Amino acid sequence: MGQFMNLASEPNKDKSNSPPHLPDSNKLVHTAKACARFIEKTILFLIFKPELKGAYIYFMRPKRRGKSEDAFNGQVGRQSIFNEITKAFDIEQIIETGTYMGLTTSYMNHKSGLPITTTEANPQYFGYSQQRFKKNPNIVGHLSDSRSFLKHVLAENIDPKNTLLFYLDAHWHDDLPLREEIEIIFHMHPNSIILIDDFKVPHDTGYTYDDYGNGNTLHIEYLKPIMPIGFRMFFPSLPSDQETGAKRGCVVLVKEQHLIDDMQKQDALREYHDDSPAIA
Ligand SMILES: C[S@@+](CC[C@H](N)C(=O)[O-])C[C@H]1O[C@@H](n2cnc3c(N)ncnc32)[C@H](O)[C@@H]1O
């Protein structure tokens, strides 16, 4: 999560108002840029609705939209896990929590061709991502807390035989919805594959993960209270020193036996057992 920033922030830019010692033409450019920044700040201040602010930023800062390779924290290994799963399993649709700027959402749709439903709790990020998805009827965005969103989506008439893939990435704040999200999914649709971002990989300490304190660390201990659900855990088999990008850990959870059997055949994943050997 450390790599994320406020949409309106302008990283790596000199924000000082006093022009340094520059030739006259450069001073002009500097002044023009300072004026443009001031105008933009004023516009953003005047746009009252956060959704509209997000939409405005999407249009005004095309460079911030990112590239396809930046999806999944820029991790080639994670992209392989996703691609392997979507090829190996007959997935009906993808459901994501934590849309943010919608880059990973678009990647998942583009690579798999599957329809995606995604939710975001922050109205500004929602407004931003809605612009990205505007011309794509296969991606539906919601502005909602992930728990109520999941209950709502899963209450729809989904055939229990259909396999759903969930990407759970709505963790950013002290209020960590992850355990509840997993409970809702496996309770309402056991035939699910759950991929969770930012999770500690027990056999490889080179992968990073989220720790919010007060027991809210994304690691196996955090899942212990809901272990009676009976899911199995799979972690990346790629050593972290061969992963790219932010090297965030992840875990895949499945509960139904046919999904467990097929997940055990995936090269990009290895099943967790208490005695799994660690990578030095
Ligand atoms: C780590 S970012 C998601 C990154 C995104 N999936 C990607 O790969 O680019 C987490 C996002 O989850 C959102 N979020 C946090 N708590 C949430 C909740 N309870 N329900 C829905 N969204 C939430 C945050 O506002 C933030 O945009």
# chains A, B, ... in the order shown; residues from 1 in each chain; ligands from 1
$ select_by_dssp --residues "range 85-207 of chain A" --states "strand (DSSP E)" --output "PyMOL selection string"
chain A and resi 91-97+116-120+139-143+163-168+192-197
$ select_by_dssp --residues "range 50-269 of chain A" --states "alpha helix (DSSP H)" --output "PyMOL selection string"
chain A and resi 50-60+71-74+76-88+103-112+123-133+146-154+178-188+220-223+257-263
$ write_last_selection --atoms "C-alpha atoms" --output "tab-separated table (two decimals), in the first residue's frame"
chain	number	residue	atom	x	y	z
A	50	PRO	CA	-15.52	14.01	-4.89
A	51	GLU	CA	-16.72	11.77	-7.78
A	52	LEU	CA	-16.40	14.74	-10.15
A	53	LYS	CA	-12.99	15.59	-8.71
A	54	GLY	CA	-11.86	12.04	-9.51
A	55	ALA	CA	-13.24	12.31	-13.05
A	56	TYR	CA	-11.51	15.67	-13.54
A	57	ILE	CA	-8.17	14.27	-12.39
A	58	TYR	CA	-8.55	11.31	-14.75
A	59	PHE	CA	-8.92	13.66	-17.71
A	60	MET	CA	-6.33	16.22	-16.67
A	71	ALA	CA	-1.28	-3.83	-12.74
A	72	PHE	CA	-1.03	-6.14	-9.73
A	73	ASN	CA	1.59	-3.82	-8.18
A	74	GLY	CA	3.73	-4.19	-11.31
A	76	VAL	CA	5.03	-10.22	-13.32
A	77	GLY	CA	4.79	-13.25	-11.02
A	78	ARG	CA	1.40	-12.15	-9.71
A	79	GLN	CA	0.17	-11.52	-13.23
A	80	SER	CA	1.20	-15.11	-14.04
A	81	ILE	CA	-0.77	-16.43	-11.05
A	82	PHE	CA	-3.84	-14.57	-12.29
A	83	ASN	CA	-3.38	-15.71	-15.89
A	84	GLU	CA	-2.78	-19.32	-14.85
A	85	ILE	CA	-5.94	-19.38	-12.71
A	86	THR	CA	-8.17	-17.81	-15.36
A	87	LYS	CA	-6.90	-20.28	-17.99
A	88	ALA	CA	-7.10	-23.39	-15.79
A	103	LEU	CA	-5.72	-0.31	-13.38
A	104	THR	CA	-5.72	-3.91	-12.12
A	105	THR	CA	-9.45	-4.16	-12.86
A	106	SER	CA	-8.86	-3.24	-16.50
A	107	TYR	CA	-5.89	-5.61	-16.72
A	108	MET	CA	-7.96	-8.52	-15.37
A	109	ASN	CA	-10.75	-7.84	-17.85
A	110	HIS	CA	-8.37	-7.38	-20.78
A	111	LYS	CA	-6.32	-10.53	-20.07
A	112	SER	CA	-9.19	-12.88	-19.23
A	123	PRO	CA	-15.95	8.48	-3.91
A	124	GLN	CA	-12.98	10.22	-5.52
A	125	TYR	CA	-11.33	6.95	-6.58
A	126	PHE	CA	-14.76	5.72	-7.66
A	127	GLY	CA	-15.23	8.80	-9.89
A	128	TYR	CA	-11.73	8.34	-11.30
A	129	SER	CA	-12.12	4.64	-12.12
A	130	GLN	CA	-15.58	5.14	-13.62
A	131	GLN	CA	-13.96	7.26	-16.33
A	132	ARG	CA	-11.49	4.47	-17.07
A	133	PHE	CA	-14.31	1.91	-17.41
A	146	SER	CA	-16.92	-4.14	0.30
A	147	ARG	CA	-19.04	-6.13	2.80
A	148	SER	CA	-22.41	-4.75	1.76
A	149	PHE	CA	-21.30	-4.93	-1.88
A	150	LEU	CA	-20.45	-8.66	-1.61
A	151	LYS	CA	-23.75	-9.46	0.11
A	152	HIS	CA	-25.60	-7.54	-2.59
A	153	VAL	CA	-23.77	-9.11	-5.55
A	154	LEU	CA	-23.95	-12.66	-4.17
A	178	LEU	CA	-10.92	-9.02	4.99
A	179	ARG	CA	-12.13	-11.73	7.41
A	180	GLU	CA	-15.75	-10.68	6.93
A	181	GLU	CA	-15.30	-10.62	3.16
A	182	ILE	CA	-14.01	-14.22	3.19
A	183	GLU	CA	-16.85	-15.38	5.47
A	184	ILE	CA	-19.49	-13.76	3.24
A	185	ILE	CA	-18.04	-15.28	0.06
A	186	PHE	CA	-17.61	-18.86	1.30
A	187	HIS	CA	-20.96	-18.77	3.07
A	188	MET	CA	-22.91	-17.42	0.09
A	220	ILE	CA	-2.03	-16.84	8.51
A	221	GLU	CA	-2.66	-16.01	12.20
A	222	TYR	CA	-5.24	-13.40	11.13
A	223	LEU	CA	-7.22	-16.14	9.34
A	257	GLN	CA	-12.63	-30.29	-3.32
A	258	HIS	CA	-12.63	-29.99	-7.13
A	259	LEU	CA	-11.03	-26.53	-6.85
A	260	ILE	CA	-8.45	-27.79	-4.33
A	261	ASP	CA	-7.54	-30.69	-6.65
A	262	ASP	CA	-7.04	-28.38	-9.65
A	263	MET	CA	-5.25	-25.67	-7.64
$ closest_atom_pairs --of "chain A" --to "ligand 1" --cutoff "8 Å" --atoms "only C-alpha atoms and all ligand atoms" --output "JSON lines"
{"residue": "A:Met1", "atom": "CA", "partner": "ligand 1", "partner_atom_place_in_ligand_line": "1 (C)", "distance": 5.3}
{"residue": "A:Phe4", "atom": "CA", "partner": "ligand 1", "partner_atom_place_in_ligand_line": "1 (C)", "distance": 7.3}
{"residue": "A:Ala71", "atom": "CA", "partner": "ligand 1", "partner_atom_place_in_ligand_line": "8 (O)", "distance": 6.0}
{"residue": "A:Phe72", "atom": "CA", "partner": "ligand 1", "partner_atom_place_in_ligand_line": "8 (O)", "distance": 5.0}
{"residue": "A:Asn73", "atom": "CA", "partner": "ligand 1", "partner_atom_place_in_ligand_line": "8 (O)", "distance": 6.2}
{"residue": "A:Glu96", "atom": "CA", "partner": "ligand 1", "partner_atom_place_in_ligand_line": "6 (N)", "distance": 7.4}
{"residue": "A:Thr97", "atom": "CA", "partner": "ligand 1", "partner_atom_place_in_ligand_line": "21 (C)", "distance": 5.7}
{"residue": "A:Gly98", "atom": "CA", "partner": "ligand 1", "partner_atom_place_in_ligand_line": "12 (O)", "distance": 3.3}
{"residue": "A:Thr99", "atom": "CA", "partner": "ligand 1", "partner_atom_place_in_ligand_line": "6 (N)", "distance": 4.8}
{"residue": "A:Tyr100", "atom": "CA", "partner": "ligand 1", "partner_atom_place_in_ligand_line": "27 (O)", "distance": 3.5}
{"residue": "A:Met101", "atom": "CA", "partner": "ligand 1", "partner_atom_place_in_ligand_line": "9 (O)", "distance": 5.9}
{"residue": "A:Gly102", "atom": "CA", "partner": "ligand 1", "partner_atom_place_in_ligand_line": "9 (O)", "distance": 5.8}
{"residue": "A:Leu103", "atom": "CA", "partner": "ligand 1", "partner_atom_place_in_ligand_line": "9 (O)", "distance": 5.2}
{"residue": "A:Thr104", "atom": "CA", "partner": "ligand 1", "partner_atom_place_in_ligand_line": "8 (O)", "distance": 4.5}
{"residue": "A:Thr105", "atom": "CA", "partner": "ligand 1", "partner_atom_place_in_ligand_line": "6 (N)", "distance": 7.0}
{"residue": "A:Thr119", "atom": "CA", "partner": "ligand 1", "partner_atom_place_in_ligand_line": "21 (C)", "distance": 5.6}
{"residue": "A:Glu120", "atom": "CA", "partner": "ligand 1", "partner_atom_place_in_ligand_line": "22 (N)", "distance": 4.0}
{"residue": "A:Ala121", "atom": "CA", "partner": "ligand 1", "partner_atom_place_in_ligand_line": "22 (N)", "distance": 4.0}
{"residue": "A:Asn122", "atom": "CA", "partner": "ligand 1", "partner_atom_place_in_ligand_line": "25 (O)", "distance": 4.7}
{"residue": "A:Tyr125", "atom": "CA", "partner": "ligand 1", "partner_atom_place_in_ligand_line": "27 (O)", "distance": 6.1}
{"residue": "A:Leu143", "atom": "CA", "partner": "ligand 1", "partner_atom_place_in_ligand_line": "21 (C)", "distance": 7.7}
{"residue": "A:Ser144", "atom": "CA", "partner": "ligand 1", "partner_atom_place_in_ligand_line": "21 (C)", "distance": 5.9}
{"residue": "A:Asp145", "atom": "CA", "partner": "ligand 1", "partner_atom_place_in_ligand_line": "20 (N)", "distance": 3.6}
{"residue": "A:Ser146", "atom": "CA", "partner": "ligand 1", "partner_atom_place_in_ligand_line": "20 (N)", "distance": 3.7}
{"residue": "A:Arg147", "atom": "CA", "partner": "ligand 1", "partner_atom_place_in_ligand_line": "19 (N)", "distance": 6.8}
{"residue": "A:Tyr167", "atom": "CA", "partner": "ligand 1", "partner_atom_place_in_ligand_line": "6 (N)", "distance": 7.8}
{"residue": "A:Leu168", "atom": "CA", "partner": "ligand 1", "partner_atom_place_in_ligand_line": "6 (N)", "distance": 7.6}
{"residue": "A:Asp169", "atom": "CA", "partner": "ligand 1", "partner_atom_place_in_ligand_line": "6 (N)", "distance": 5.1}
{"residue": "A:Ala170", "atom": "CA", "partner": "ligand 1", "partner_atom_place_in_ligand_line": "12 (O)", "distance": 3.6}
{"residue": "A:His171", "atom": "CA", "partner": "ligand 1", "partner_atom_place_in_ligand_line": "15 (C)", "distance": 4.8}
{"residue": "A:Trp172", "atom": "CA", "partner": "ligand 1", "partner_atom_place_in_ligand_line": "15 (C)", "distance": 5.0}
{"residue": "A:His173", "atom": "CA", "partner": "ligand 1", "partner_atom_place_in_ligand_line": "16 (N)", "distance": 6.2}
{"residue": "A:Asp175", "atom": "CA", "partner": "ligand 1", "partner_atom_place_in_ligand_line": "19 (N)", "distance": 7.1}
{"residue": "A:Leu176", "atom": "CA", "partner": "ligand 1", "partner_atom_place_in_ligand_line": "19 (N)", "distance": 6.9}
{"residue": "A:Pro177", "atom": "CA", "partner": "ligand 1", "partner_atom_place_in_ligand_line": "19 (N)", "distance": 5.6}
$ residues_around --residues "Arg248 in chain A" --least-positions-apart "5" --cutoff "6 Å" --atoms "only C-alpha atoms" --output "list in words"
Asp198, Tyr207, Thr208 and Tyr209 of chain A
$ atom_distance --atom1 "CA of Ser192 in chain A" --atom2 "CA of Ile226 in chain A"
15.9 Å
$ residues_around --residues "Arg270 in chain A" --least-positions-apart "2" --cutoff "8 Å" --atoms "only C-alpha atoms" --output "number ranges by chain"
A: 234-237, 264, 266-268, 272
$ write_last_selection --atoms "N, CA and C atoms" --output "PDB file, in the first residue's frame"
ATOM      1  N   PHE A 234      -2.999 -21.398  -0.688  1.00  0.00           N
ATOM      2  CA  PHE A 234      -1.946 -21.576  -1.700  1.00  0.00           C
ATOM      3  C   PHE A 234      -1.160 -20.266  -1.821  1.00  0.00           C
ATOM      4  N   PHE A 235       0.167 -20.392  -1.861  1.00  0.00           N
ATOM      5  CA  PHE A 235       1.033 -19.206  -1.916  1.00  0.00           C
ATOM      6  C   PHE A 235       1.882 -19.234  -3.203  1.00  0.00           C
ATOM      7  N   PRO A 236       2.476 -18.073  -3.554  1.00  0.00           N
ATOM      8  CA  PRO A 236       3.275 -18.048  -4.796  1.00  0.00           C
ATOM      9  C   PRO A 236       4.453 -19.023  -4.710  1.00  0.00           C
ATOM     10  N   SER A 237       4.684 -19.724  -5.800  1.00  0.00           N
ATOM     11  CA  SER A 237       5.855 -20.621  -5.806  1.00  0.00           C
ATOM     12  C   SER A 237       7.096 -19.881  -6.299  1.00  0.00           C
ATOM     13  N   GLN A 264      -3.930 -27.573  -6.866  1.00  0.00           N
ATOM     14  CA  GLN A 264      -2.679 -28.279  -6.566  1.00  0.00           C
ATOM     15  C   GLN A 264      -1.863 -28.542  -7.836  1.00  0.00           C
ATOM     16  N   GLN A 266      -1.396 -26.269 -10.218  1.00  0.00           N
ATOM     17  CA  GLN A 266      -0.893 -25.001 -10.780  1.00  0.00           C
ATOM     18  C   GLN A 266       0.578 -24.772 -10.418  1.00  0.00           C
ATOM     19  N   ASP A 267       1.395 -24.530 -11.445  1.00  0.00           N
ATOM     20  CA  ASP A 267       2.828 -24.332 -11.210  1.00  0.00           C
ATOM     21  C   ASP A 267       3.120 -23.054 -10.430  1.00  0.00           C
ATOM     22  N   ALA A 268       2.309 -22.025 -10.622  1.00  0.00           N
ATOM     23  CA  ALA A 268       2.604 -20.726 -10.001  1.00  0.00           C
ATOM     24  C   ALA A 268       2.279 -20.699  -8.506  1.00  0.00           C
ATOM     25  N   TYR A 272      -0.056 -24.561   1.145  1.00  0.00           N
ATOM     26  CA  TYR A 272       0.535 -24.383   2.466  1.00  0.00           C
ATOM     27  C   TYR A 272       0.249 -25.604   3.334  1.00  0.00           C
TER      28      TYR A 272
END
$ atom_distance --atom1 "CA of Gly213 in chain A" --atom2 "CA of Lys200 in chain A"
14.2 Å
